[in-house]
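Pasted below: model_14.cif, mmCIF, C-alpha atoms and all ligand atoms.
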```
data_input
#
loop_
_atom_site.label_atom_id
_atom_site.label_comp_id
_atom_site.auth_asym_id
_atom_site.auth_seq_id
_atom_site.Cartn_x
_atom_site.Cartn_y
_atom_site.Cartn_z
CA MET H 1 -13.98 -48.67 102.37
CA ALA H 2 -14.38 -49.03 98.62
CA THR H 3 -14.79 -52.47 97.10
CA PRO H 4 -14.64 -53.28 93.37
CA ALA H 5 -18.04 -52.77 91.72
CA ALA H 6 -19.23 -54.54 88.58
CA THR H 7 -19.57 -52.47 85.41
CA PRO H 8 -23.23 -51.50 84.98
CA PRO H 9 -25.22 -53.20 82.22
CA ALA H 10 -26.82 -51.26 79.34
CA LYS H 11 -30.37 -51.77 80.61
CA MET H 12 -32.06 -51.96 84.00
CA ARG H 13 -35.38 -52.77 85.59
CA ALA H 14 -37.32 -49.73 86.77
CA VAL H 15 -40.80 -48.75 87.95
CA LEU H 16 -42.37 -45.61 86.50
CA TYR H 17 -45.64 -43.87 85.84
CA ASP H 18 -46.56 -42.07 82.65
CA ALA H 19 -49.57 -40.13 83.94
CA CYS H 20 -50.57 -38.62 87.26
CA GLY H 21 -53.16 -40.45 89.35
CA GLY H 22 -53.97 -44.13 89.45
CA GLY H 23 -52.18 -45.02 92.70
CA SER H 24 -50.30 -48.30 92.68
CA ALA H 25 -52.20 -49.43 89.56
CA GLY H 26 -50.56 -46.54 87.71
CA LEU H 27 -47.06 -47.96 88.24
CA LYS H 28 -45.45 -49.79 85.33
CA HIS H 29 -42.54 -52.21 85.35
CA VAL H 30 -40.21 -51.44 82.47
CA GLU H 31 -36.73 -52.02 81.16
CA VAL H 32 -34.90 -48.79 80.36
CA PRO H 33 -31.31 -47.72 79.63
CA VAL H 34 -29.06 -47.28 82.66
CA PRO H 35 -28.48 -43.52 83.09
CA SER H 36 -24.97 -42.12 83.17
CA ALA H 37 -23.33 -39.77 85.65
CA LYS H 38 -22.69 -36.26 84.38
CA LYS H 39 -20.52 -33.57 85.93
CA ASN H 40 -20.65 -33.64 89.76
CA GLU H 41 -22.83 -36.74 89.73
CA VAL H 42 -22.36 -40.38 90.64
CA LEU H 43 -24.08 -43.45 89.22
CA LEU H 44 -25.38 -45.75 91.94
CA LYS H 45 -26.32 -49.38 91.91
CA VAL H 46 -29.39 -48.89 94.10
CA GLU H 47 -29.82 -51.52 96.80
CA ALA H 48 -32.69 -50.00 98.76
CA ALA H 49 -35.17 -47.19 98.11
CA ALA H 50 -37.48 -45.79 100.80
CA ILE H 51 -40.89 -44.43 99.82
CA ASN H 52 -42.11 -41.17 101.37
CA PRO H 53 -45.74 -39.96 101.33
CA LEU H 54 -44.45 -37.10 99.17
CA ASP H 55 -43.61 -39.57 96.38
CA CYS H 56 -47.25 -40.69 96.24
CA LYS H 57 -48.53 -37.11 96.46
CA ILE H 58 -46.40 -36.22 93.43
CA GLN H 59 -47.88 -39.14 91.50
CA LYS H 60 -51.38 -38.06 92.54
CA GLY H 61 -50.72 -34.67 90.97
CA ASP H 62 -50.79 -32.69 94.24
CA LEU H 63 -47.61 -30.78 93.36
CA ARG H 64 -48.45 -29.93 89.78
CA PRO H 65 -47.25 -28.03 87.81
CA LEU H 66 -43.93 -28.19 89.68
CA LEU H 67 -43.65 -31.96 90.00
CA PRO H 68 -43.38 -34.34 88.28
CA ARG H 69 -41.25 -32.27 85.97
CA ARG H 70 -41.76 -34.64 83.07
CA LEU H 71 -43.47 -37.93 82.30
CA PRO H 72 -42.76 -40.80 82.31
CA PHE H 73 -41.29 -40.43 85.78
CA ILE H 74 -39.37 -42.94 87.91
CA PRO H 75 -40.35 -41.94 91.46
CA VAL H 76 -38.55 -41.99 94.84
CA THR H 77 -35.59 -39.95 96.01
CA ASP H 78 -34.26 -41.71 99.12
CA VAL H 79 -31.81 -44.47 98.30
CA ALA H 80 -28.79 -46.40 99.45
CA GLY H 81 -26.44 -48.43 97.31
CA VAL H 82 -22.96 -48.53 95.87
CA VAL H 83 -21.15 -46.12 93.56
CA VAL H 84 -20.54 -47.71 90.13
CA GLY H 85 -19.69 -44.60 88.13
CA VAL H 86 -18.24 -41.19 88.89
CA GLY H 87 -18.77 -38.07 86.78
CA LEU H 88 -16.28 -35.29 86.18
CA GLY H 89 -15.54 -33.01 89.11
CA VAL H 90 -16.60 -35.45 91.84
CA GLU H 91 -14.32 -35.46 94.85
CA GLY H 92 -14.43 -37.72 97.89
CA LEU H 93 -16.40 -40.55 96.28
CA ILE H 94 -15.01 -43.44 94.26
CA VAL H 95 -16.37 -46.52 92.54
CA GLY H 96 -17.15 -49.15 95.14
CA ASP H 97 -18.14 -46.73 97.92
CA GLN H 98 -21.27 -47.75 99.78
CA VAL H 99 -23.47 -44.70 100.14
CA VAL H 100 -26.76 -43.09 101.15
CA ALA H 101 -28.12 -40.48 98.75
CA MET H 102 -31.04 -38.20 98.22
CA LEU H 103 -31.86 -37.96 94.52
CA LYS H 104 -33.15 -34.66 93.19
CA SER H 105 -36.93 -34.39 93.63
CA LEU H 106 -37.12 -33.00 90.12
CA ASN H 107 -35.54 -36.14 88.69
CA GLY H 108 -36.59 -38.92 91.06
CA GLY H 109 -35.19 -42.21 89.82
CA GLY H 110 -35.02 -44.33 92.99
CA LEU H 111 -37.37 -47.17 92.01
CA ALA H 112 -34.79 -48.66 89.69
CA GLU H 113 -31.72 -50.85 89.75
CA TYR H 114 -29.46 -47.87 88.97
CA ALA H 115 -29.86 -44.13 89.58
CA VAL H 116 -27.88 -40.93 89.22
CA ALA H 117 -27.28 -38.84 92.34
CA SER H 118 -25.65 -35.46 92.90
CA ALA H 119 -22.32 -35.93 94.62
CA ASN H 120 -23.26 -33.17 97.04
CA LEU H 121 -26.23 -35.19 98.32
CA THR H 122 -24.39 -38.52 98.48
CA VAL H 123 -22.61 -39.60 101.65
CA ARG H 124 -20.49 -42.61 102.49
CA ARG H 125 -22.22 -45.40 104.38
CA PRO H 126 -20.11 -47.30 106.89
CA PRO H 127 -20.42 -51.12 107.06
CA GLU H 128 -22.48 -50.88 110.27
CA VAL H 129 -25.32 -49.21 108.31
CA CYS H 130 -27.21 -51.53 105.99
CA ALA H 131 -28.78 -50.18 102.80
CA ALA H 132 -32.38 -50.39 104.04
CA GLU H 133 -31.62 -48.46 107.22
CA GLY H 134 -29.65 -45.84 105.32
CA ALA H 135 -32.31 -45.35 102.65
CA GLY H 136 -34.81 -44.44 105.35
CA LEU H 137 -32.91 -41.34 106.34
CA PRO H 138 -32.83 -38.53 103.78
CA ILE H 139 -36.31 -37.00 103.80
CA ALA H 140 -37.80 -38.48 106.98
CA ALA H 141 -34.89 -38.09 109.38
CA GLY H 142 -33.77 -34.87 107.66
CA THR H 143 -37.20 -33.36 108.27
CA ALA H 144 -37.25 -34.51 111.89
CA LEU H 145 -33.80 -33.02 112.49
CA GLN H 146 -34.63 -29.69 110.88
CA ALA H 147 -38.00 -29.44 112.65
CA LEU H 148 -36.37 -30.03 116.03
CA ARG H 149 -33.65 -27.48 115.28
CA SER H 150 -36.39 -24.95 114.45
CA ILE H 151 -37.73 -25.49 117.94
CA GLY H 152 -34.31 -24.85 119.47
CA ALA H 153 -32.89 -28.37 119.85
CA LYS H 154 -29.10 -28.58 119.72
CA PHE H 155 -27.32 -31.74 118.64
CA HIS H 156 -23.80 -32.62 119.63
CA LEU H 157 -22.26 -36.03 118.92
CA ASP H 158 -20.29 -35.75 122.17
CA GLY H 159 -23.57 -36.19 124.03
CA ALA H 160 -24.15 -32.59 125.12
CA GLY H 161 -27.74 -31.57 124.46
CA SER H 162 -29.91 -28.49 124.42
CA LYS H 163 -31.81 -27.04 127.33
CA PRO H 164 -34.67 -29.35 128.38
CA LEU H 165 -37.51 -28.12 126.21
CA ASN H 166 -40.92 -29.78 126.16
CA VAL H 167 -41.85 -31.03 122.73
CA LEU H 168 -44.96 -32.67 121.32
CA ILE H 169 -44.53 -35.01 118.35
CA THR H 170 -47.73 -35.93 116.52
CA ALA H 171 -47.92 -39.10 114.40
CA ALA H 172 -44.85 -40.28 116.25
CA SER H 173 -45.15 -43.78 114.74
CA GLY H 174 -44.65 -42.56 111.17
CA GLY H 175 -41.49 -42.28 109.12
CA VAL H 176 -40.72 -38.75 110.35
CA GLY H 177 -42.15 -39.19 113.84
CA LEU H 178 -40.04 -42.19 114.88
CA TYR H 179 -36.85 -40.38 113.94
CA ALA H 180 -38.12 -37.21 115.64
CA VAL H 181 -38.73 -39.03 118.95
CA GLN H 182 -35.20 -40.48 118.96
CA LEU H 183 -33.52 -37.24 117.87
CA ALA H 184 -35.46 -35.23 120.44
CA LYS H 185 -34.22 -37.52 123.20
CA LEU H 186 -30.65 -37.22 121.89
CA ALA H 187 -31.07 -33.47 122.26
CA ASN H 188 -32.28 -33.93 125.83
CA LEU H 189 -35.87 -32.80 125.21
CA HIS H 190 -38.93 -33.95 127.14
CA VAL H 191 -41.08 -35.76 124.59
CA THR H 192 -44.85 -36.15 124.54
CA ALA H 193 -45.97 -38.20 121.54
CA THR H 194 -49.18 -39.27 119.86
CA CYS H 195 -49.68 -42.47 117.89
CA GLY H 196 -52.13 -45.34 117.60
CA ALA H 197 -52.55 -47.77 120.51
CA ARG H 198 -50.66 -50.55 118.72
CA ASN H 199 -47.50 -48.42 118.51
CA MET H 200 -47.44 -46.91 122.00
CA ASP H 201 -44.91 -49.40 123.41
CA LEU H 202 -42.60 -48.90 120.44
CA VAL H 203 -42.68 -45.12 120.74
CA LYS H 204 -42.12 -45.30 124.48
CA GLY H 205 -39.29 -47.78 123.95
CA LEU H 206 -37.57 -45.30 121.64
CA GLY H 207 -37.54 -42.76 124.43
CA ALA H 208 -40.81 -40.80 124.50
CA ASP H 209 -41.60 -39.69 128.05
CA GLU H 210 -45.37 -39.58 127.53
CA VAL H 211 -47.35 -41.35 124.81
CA MET H 212 -51.03 -40.84 124.01
CA ASP H 213 -53.34 -42.81 121.73
CA TYR H 214 -54.59 -40.29 119.21
CA ARG H 215 -57.94 -42.07 118.93
CA THR H 216 -58.82 -41.41 122.61
CA PRO H 217 -60.25 -38.08 123.87
CA GLU H 218 -57.05 -37.49 125.91
CA GLY H 219 -54.87 -38.14 122.90
CA ALA H 220 -57.04 -36.02 120.62
CA SER H 221 -56.79 -33.13 123.13
CA LEU H 222 -52.96 -33.23 122.72
CA LEU H 223 -52.66 -32.05 126.35
CA SER H 224 -49.51 -33.27 128.04
CA PRO H 225 -50.48 -35.73 130.84
CA SER H 226 -47.89 -34.01 133.05
CA GLY H 227 -49.54 -30.66 132.41
CA ALA H 228 -46.44 -29.20 130.78
CA LYS H 229 -46.84 -26.59 128.08
CA TYR H 230 -44.98 -27.24 124.86
CA ASP H 231 -42.00 -25.22 123.73
CA GLY H 232 -42.41 -26.83 120.36
CA VAL H 233 -44.53 -29.21 118.34
CA VAL H 234 -43.29 -31.35 115.49
CA HIS H 235 -46.61 -31.72 113.76
CA CYS H 236 -46.54 -34.71 111.40
CA THR H 237 -50.22 -35.12 110.68
CA VAL H 238 -53.14 -32.96 109.59
CA GLY H 239 -56.46 -31.84 110.98
CA VAL H 240 -55.43 -29.88 114.08
CA SER H 241 -56.35 -26.20 114.03
CA TRP H 242 -54.13 -23.38 115.28
CA SER H 243 -56.77 -22.56 117.90
CA SER H 244 -56.33 -26.09 119.32
CA PHE H 245 -52.54 -25.76 119.47
CA ARG H 246 -52.40 -22.21 120.81
CA PRO H 247 -53.35 -22.87 124.48
CA LEU H 248 -50.98 -25.84 124.63
CA LEU H 249 -47.91 -23.73 123.84
CA SER H 250 -45.52 -22.14 126.28
CA ASP H 251 -46.22 -18.43 126.82
CA ALA H 252 -42.52 -17.80 126.42
CA GLY H 253 -42.89 -18.56 122.73
CA GLY H 254 -43.97 -22.05 121.66
CA ARG H 255 -43.72 -23.01 118.02
CA VAL H 256 -45.66 -25.51 115.96
CA ILE H 257 -43.53 -26.83 113.12
CA ASP H 258 -46.07 -27.89 110.51
CA ILE H 259 -44.57 -30.34 108.01
CA THR H 260 -47.80 -30.69 106.02
CA PRO H 261 -48.80 -27.04 105.75
CA ASN H 262 -51.76 -25.94 103.67
CA LEU H 263 -52.37 -22.43 102.34
CA TRP H 264 -53.99 -21.34 105.63
CA ALA H 265 -50.90 -22.42 107.56
CA ILE H 266 -48.70 -20.34 105.29
CA LEU H 267 -50.98 -17.30 105.72
CA ARG H 268 -50.97 -17.87 109.49
CA TYR H 269 -47.16 -17.98 109.42
CA ILE H 270 -47.03 -14.64 107.62
CA LEU H 271 -49.53 -13.14 110.07
CA HIS H 272 -47.50 -14.35 113.06
CA GLY H 273 -44.42 -12.78 111.55
CA VAL H 274 -45.89 -9.35 110.93
CA THR H 275 -47.56 -9.27 114.37
CA PHE H 276 -44.39 -10.45 116.19
CA SER H 277 -46.44 -13.20 117.80
CA LYS H 278 -44.63 -15.18 120.51
CA LYS H 279 -46.57 -18.34 119.68
CA ARG H 280 -46.02 -19.25 116.08
CA LEU H 281 -46.98 -21.68 113.37
CA VAL H 282 -43.98 -22.40 111.16
CA PRO H 283 -44.35 -24.35 107.91
CA LEU H 284 -41.33 -26.49 107.13
CA LEU H 285 -40.16 -28.01 103.87
CA VAL H 286 -37.07 -30.13 104.31
CA SER H 287 -33.92 -28.57 102.90
CA PRO H 288 -31.70 -31.49 101.87
CA ASN H 289 -28.02 -31.08 102.63
CA LYS H 290 -24.95 -33.24 102.91
CA ALA H 291 -23.97 -32.17 106.44
CA ASP H 292 -27.29 -33.31 107.91
CA LEU H 293 -27.15 -36.61 106.01
CA GLU H 294 -23.61 -37.27 107.25
CA PHE H 295 -24.68 -36.45 110.79
CA LEU H 296 -27.64 -38.85 110.59
CA VAL H 297 -25.58 -41.67 109.05
CA ALA H 298 -23.05 -41.25 111.88
CA LEU H 299 -25.85 -41.57 114.45
CA LEU H 300 -26.98 -44.82 112.80
CA ARG H 301 -23.39 -46.09 112.75
CA ASP H 302 -22.98 -45.34 116.44
CA GLY H 303 -26.26 -46.99 117.36
CA LYS H 304 -27.69 -43.69 118.66
CA LEU H 305 -30.46 -43.67 116.05
CA LYS H 306 -32.30 -46.50 114.40
CA THR H 307 -34.46 -46.81 111.34
CA VAL H 308 -37.67 -48.61 112.14
CA ILE H 309 -38.68 -50.51 109.04
CA ASP H 310 -42.39 -51.06 108.56
CA SER H 311 -42.08 -53.40 105.60
CA ARG H 312 -39.76 -54.44 102.76
CA PHE H 313 -40.71 -55.39 99.24
CA PRO H 314 -38.75 -56.59 96.18
CA LEU H 315 -38.79 -54.25 93.17
CA GLY H 316 -41.32 -56.56 91.50
CA ASP H 317 -43.75 -55.73 94.34
CA ALA H 318 -43.16 -51.97 94.29
CA GLY H 319 -46.92 -51.53 93.79
CA LYS H 320 -47.58 -53.16 97.18
CA ALA H 321 -45.03 -50.84 98.80
CA TRP H 322 -46.68 -47.86 97.11
CA GLN H 323 -50.13 -48.92 98.28
CA THR H 324 -48.85 -49.36 101.84
CA SER H 325 -47.57 -45.79 101.81
CA ILE H 326 -50.83 -44.43 100.37
CA GLU H 327 -52.83 -46.13 103.15
CA GLY H 328 -50.95 -44.00 105.70
CA HIS H 329 -50.57 -46.56 108.48
CA ALA H 330 -46.90 -47.44 108.22
CA THR H 331 -44.91 -47.80 111.41
CA GLY H 332 -41.62 -46.32 110.24
CA LYS H 333 -40.21 -46.70 106.76
CA ILE H 334 -41.39 -48.66 103.73
CA VAL H 335 -38.39 -49.99 101.80
CA VAL H 336 -38.07 -51.47 98.31
CA ASP H 337 -35.11 -53.80 97.77
CA THR H 338 -34.31 -52.77 94.24
CA GLN H 339 -31.94 -55.61 93.36
CA SER H 340 -34.36 -58.40 94.30
N1 LIG I 401 -42.47 -30.81 104.85
C1 LIG I 401 -41.62 -31.78 104.55
O1 LIG I 401 -40.49 -31.52 104.11
C2 LIG I 401 -42.05 -33.20 104.78
C3 LIG I 401 -41.09 -34.20 104.87
C4 LIG I 401 -41.49 -35.49 105.15
C5 LIG I 401 -42.86 -35.77 105.30
N2 LIG I 401 -43.76 -34.77 105.16
C6 LIG I 401 -45.19 -35.04 105.34
O2 LIG I 401 -45.38 -35.36 106.71
C7 LIG I 401 -46.42 -36.32 106.85
C8 LIG I 401 -45.90 -37.47 107.69
O3 LIG I 401 -44.90 -38.15 106.95
P1 LIG I 401 -44.46 -39.62 107.40
O4 LIG I 401 -43.45 -40.09 106.43
O5 LIG I 401 -44.13 -39.63 108.83
O6 LIG I 401 -45.85 -40.38 107.19
P2 LIG I 401 -46.25 -41.89 107.45
O7 LIG I 401 -45.02 -42.68 107.77
O8 LIG I 401 -47.10 -42.35 106.33
O9 LIG I 401 -47.16 -41.78 108.78
C9 LIG I 401 -47.95 -42.88 109.10
C10 LIG I 401 -48.15 -42.95 110.60
O10 LIG I 401 -48.88 -41.82 111.07
C11 LIG I 401 -49.78 -42.27 112.08
N3 LIG I 401 -50.90 -41.32 112.15
C12 LIG I 401 -51.75 -40.99 111.16
N4 LIG I 401 -52.63 -40.05 111.59
C13 LIG I 401 -52.32 -39.81 112.88
C14 LIG I 401 -52.87 -38.94 113.87
N5 LIG I 401 -53.91 -38.14 113.61
N6 LIG I 401 -52.30 -38.92 115.08
C15 LIG I 401 -51.24 -39.71 115.38
N7 LIG I 401 -50.69 -40.58 114.47
C16 LIG I 401 -51.23 -40.61 113.24
C17 LIG I 401 -50.21 -43.64 111.63
O11 LIG I 401 -50.65 -44.37 112.75
P3 LIG I 401 -51.93 -45.38 112.63
O12 LIG I 401 -51.52 -46.44 111.67
O13 LIG I 401 -52.12 -45.85 114.01
O14 LIG I 401 -53.07 -44.53 112.09
C18 LIG I 401 -48.92 -44.19 111.01
O15 LIG I 401 -48.13 -44.93 111.94
C19 LIG I 401 -46.85 -36.70 105.43
O16 LIG I 401 -47.98 -35.95 105.09
C20 LIG I 401 -45.67 -36.25 104.58
O17 LIG I 401 -46.03 -35.94 103.25
C21 LIG I 401 -43.39 -33.49 104.91
#
```
Written as structure tokens, that's how I'd like the structure from this file.
Ligand SMILES: NC(=O)c1ccc[n+]([C@@H]2O[C@H](COP(=O)([O-])OP(=O)(O)OC[C@H]3O[C@@H](n4cnc5c(N)ncnc54)[C@H](OP(=O)(O)O)[C@@H]3O)[C@@H](O)[C@H]2O)c1
Amino acid sequence: MATPAATPPAKMRAVLYDACGGGSAGLKHVEVPVPSAKKNEVLLKVEAAAINPLDCKIQKGDLRPLLPRRLPFIPVTDVAGVVVGVGLGVEGLIVGDQVVAMLKSLNGGGLAEYAVASANLTVRRPPEVCAAEGAGLPIAAGTALQALRSIGAKFHLDGAGSKPLNVLITAASGGVGLYAVQLAKLANLHVTATCGARNMDLVKGLGADEVMDYRTPEGASLLSPSGAKYDGVVHCTVGVSWSSFRPLLSDAGGRVIDITPNLWAILRYILHGVTFSKKRLVPLLVSPNKADLEFLVALLRDGKLKTVIDSRFPLGDAGKAWQTSIEGHATGKIVVDTQS
């Protein structure tokens, strides 16, 4: 339901970097003009922005020369807020709508009081979904959803699930992993998960059937305690070779969905394709789309999915949020409250 929204000011607070590298010390607090919505875009008053490891990798320079497209760059793509301006050609969104949006990776813009989003990656947010929970979704939950679908999971809001596949989720306590555990259970999968000892109860509480501490020999082996072979792996960390995964996979055709693929993983994927291998490594890069975001927001609204929030920071402490992400030990999502 739309509510009246205040006219945006001329200037806004934002956090940017003007060179790659430097970690949190490379972030600068600035005042810049509020952007304006062009054709098929909306201007958002950003209430919450969720940091993904990808945002920090872009700042580090890992994705050069593709990203950042230009400097200075206001990072972060995953936001929630309220529509305060509507560009030409936008249908289905009006000023005052509360929304979740994924900003274009090329443009970023989330660590600011206002940001421009494509209408086709902006979805309405019902009152049951607060901004911080909604902001957690786009990349992390979108990746979890698409990885599980690649394994064969089927999602139906009426409760019907897919056939009971066995799935392993590594780094199940992270931003992607915690959504993946919950979504896998919604799809009726049997979930084996790895995480640190301190998060085992949380992961189990969100539905995982078996949880292993990755720092123990059993956890490091990735073997299911029940002895089941995996139909699929949602692999959310690094440092596990294909030869370690291979014997753990179902002979009928297990797949490892690698969300942090390196060059070797991509070559392995090509090799598996040309040799018609039943067991496969599949690199995955999330493909943002409105239908998935609407589906995920609806799950939050209905209480079928929850965003676990590791920590929240005001915009003035964005550097602390950034550092927390870089350290790689978040339990769920790191959120910046951009209006405080
Ligand atoms: N391909 C794509 O489209 C895509 C999309 C999203 C994310 N990603 C990538 O996927 C990775 C995960 O993203 P994320 O947002 O989930 O990261 P994250 O939230 O930073 O993950 C942190 C969590 O991972 C746990 N962890 C770290 N190493 C582990 C291990 N070896 N075994 C088990 N748990 C481990 C940590 O537990 P402890 O604190 O106990 O160590 C922590 O709870 C990142 O590299 C990210 O860039 C790719």
Can you build me a table of chain H residues sitting at most 6 Å from ligand LIG 401 (chain I), with the closest atom pair per residue and its distance in Å to one decimal, using all atoms listed in the file, sorted by chain and residue number, as a Markdown table?
```
| residue | atom | partner | partner_atom | distance |
| --- | --- | --- | --- | --- |
| H:Asn52 | CA | I:LIG401 | O4 | 5.3 |
| H:Pro53 | CA | I:LIG401 | O17 | 4.5 |
| H:Leu54 | CA | I:LIG401 | O17 | 4.5 |
| H:Ile139 | CA | I:LIG401 | C4 | 5.6 |
| H:Ala140 | CA | I:LIG401 | C4 | 5.1 |
| H:Thr143 | CA | I:LIG401 | C3 | 5.2 |
| H:Thr170 | CA | I:LIG401 | C15 | 5.3 |
| H:Ala171 | CA | I:LIG401 | N7 | 3.1 |
| H:Ser173 | CA | I:LIG401 | O15 | 4.2 |
| H:Gly174 | CA | I:LIG401 | O7 | 3.4 |
| H:Gly175 | CA | I:LIG401 | O5 | 3.8 |
| H:Val176 | CA | I:LIG401 | O5 | 3.8 |
| H:Gly177 | CA | I:LIG401 | O5 | 5.4 |
| H:Thr194 | CA | I:LIG401 | C15 | 5.0 |
| H:Cys195 | CA | I:LIG401 | N7 | 4.0 |
| H:Gly196 | CA | I:LIG401 | O13 | 3.6 |
| H:Tyr214 | CA | I:LIG401 | N6 | 4.9 |
| H:Cys236 | CA | I:LIG401 | C8 | 4.7 |
| H:Thr237 | CA | I:LIG401 | C7 | 5.5 |
| H:Ile259 | CA | I:LIG401 | N1 | 3.8 |
| H:Thr260 | CA | I:LIG401 | C6 | 5.1 |
| H:Leu284 | CA | I:LIG401 | N1 | 5.0 |
| H:Leu285 | CA | I:LIG401 | O1 | 3.5 |
| H:Val286 | CA | I:LIG401 | O1 | 3.7 |
| H:Ser325 | CA | I:LIG401 | O8 | 5.7 |
| H:Gly328 | CA | I:LIG401 | O8 | 4.2 |
| H:His329 | CA | I:LIG401 | O12 | 3.3 |
| H:Ala330 | CA | I:LIG401 | O15 | 4.7 |
| H:Thr331 | CA | I:LIG401 | O15 | 4.3 |
| H:Gly332 | CA | I:LIG401 | O7 | 5.6 |
```
Show which residues sit within 9 Å of segment 199-207 of chain H, as a list in words. Count only C-alpha atoms, and ignore same-chain residues fewer than 2 positions away.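 Within the cut-off, the hits are Ala172, Ser173, Leu178, Val181, Gln182, Ala184, Lys185, Val191, Ala193, Thr194, Cys195, Gly196, Ala197, Asp209, Glu210, Val211, Met212, Asp213 and Thr331 of chain H.
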Between atom CA of Gly61 of chain H and atom CA of Trp322 of chain H, what is the distance in Å, rounded to a tenth?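 Distance between the two atoms: 15.1 Å.
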Return as AutoDock Vina command-line options the centre and edge lengths, in Å with one decimal, of the box along x, y and z that encloses every atom of segment 56-62 of chain H in the file, padded by 5 Å per side.
```
--center_x -48.9 --center_y -36.7 --center_z 93.7 --size_x 15.0 --size_y 18.0 --size_z 15.5
```
Find the distance between atom CA of Arg280 of chain H and atom CA of Ala265 of chain H and write it in Å to one decimal.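 Between these atoms lies a distance of 10.3 Å.
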Pull the closest atom pair for each residue of segment 187-226 of chain H that gets at most 9 Å from segment 246-253 of chain H, along with the distance in Å to one decimal, counting only C-alpha atoms, ordering rows by chain and then ascending residue number, as JSON lines.
```
{"residue": "H:Leu222", "atom": "CA", "partner": "H:Leu248", "partner_atom": "CA", "distance": 7.9}
{"residue": "H:Leu223", "atom": "CA", "partner": "H:Leu248", "partner_atom": "CA", "distance": 6.7}
{"residue": "H:Ser224", "atom": "CA", "partner": "H:Leu248", "partner_atom": "CA", "distance": 8.3}
```
Would you mind telling me which residue in H:Val46, H:Leu145, H:Ala208, H:Ile94 lies nearest to Ala119 of chain H when using only C-alpha atoms?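 Closest to Ala119 of chain H, using only C-alpha atoms: H:Ile94.
Here atom CA of Leu305 of chain H is placed at a distance of 22.9 Å from atom CA of Asp258 of chain H.
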Pick out the closest residue to Asp310 of chain H from this set: H:Ala50, H:Leu267, H:Leu148, H:Ala228. Count only C-alpha atoms.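 Ranked by minimum distance to Asp310 of chain H, first place goes to H:Ala50.
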Minimum-distance residue to Ile270 of chain H, chosen among H:Gly85, H:Val308, H:Val282, H:Leu165 (using only C-alpha atoms):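 Ranked by minimum distance to Ile270 of chain H, first place goes to H:Val282.
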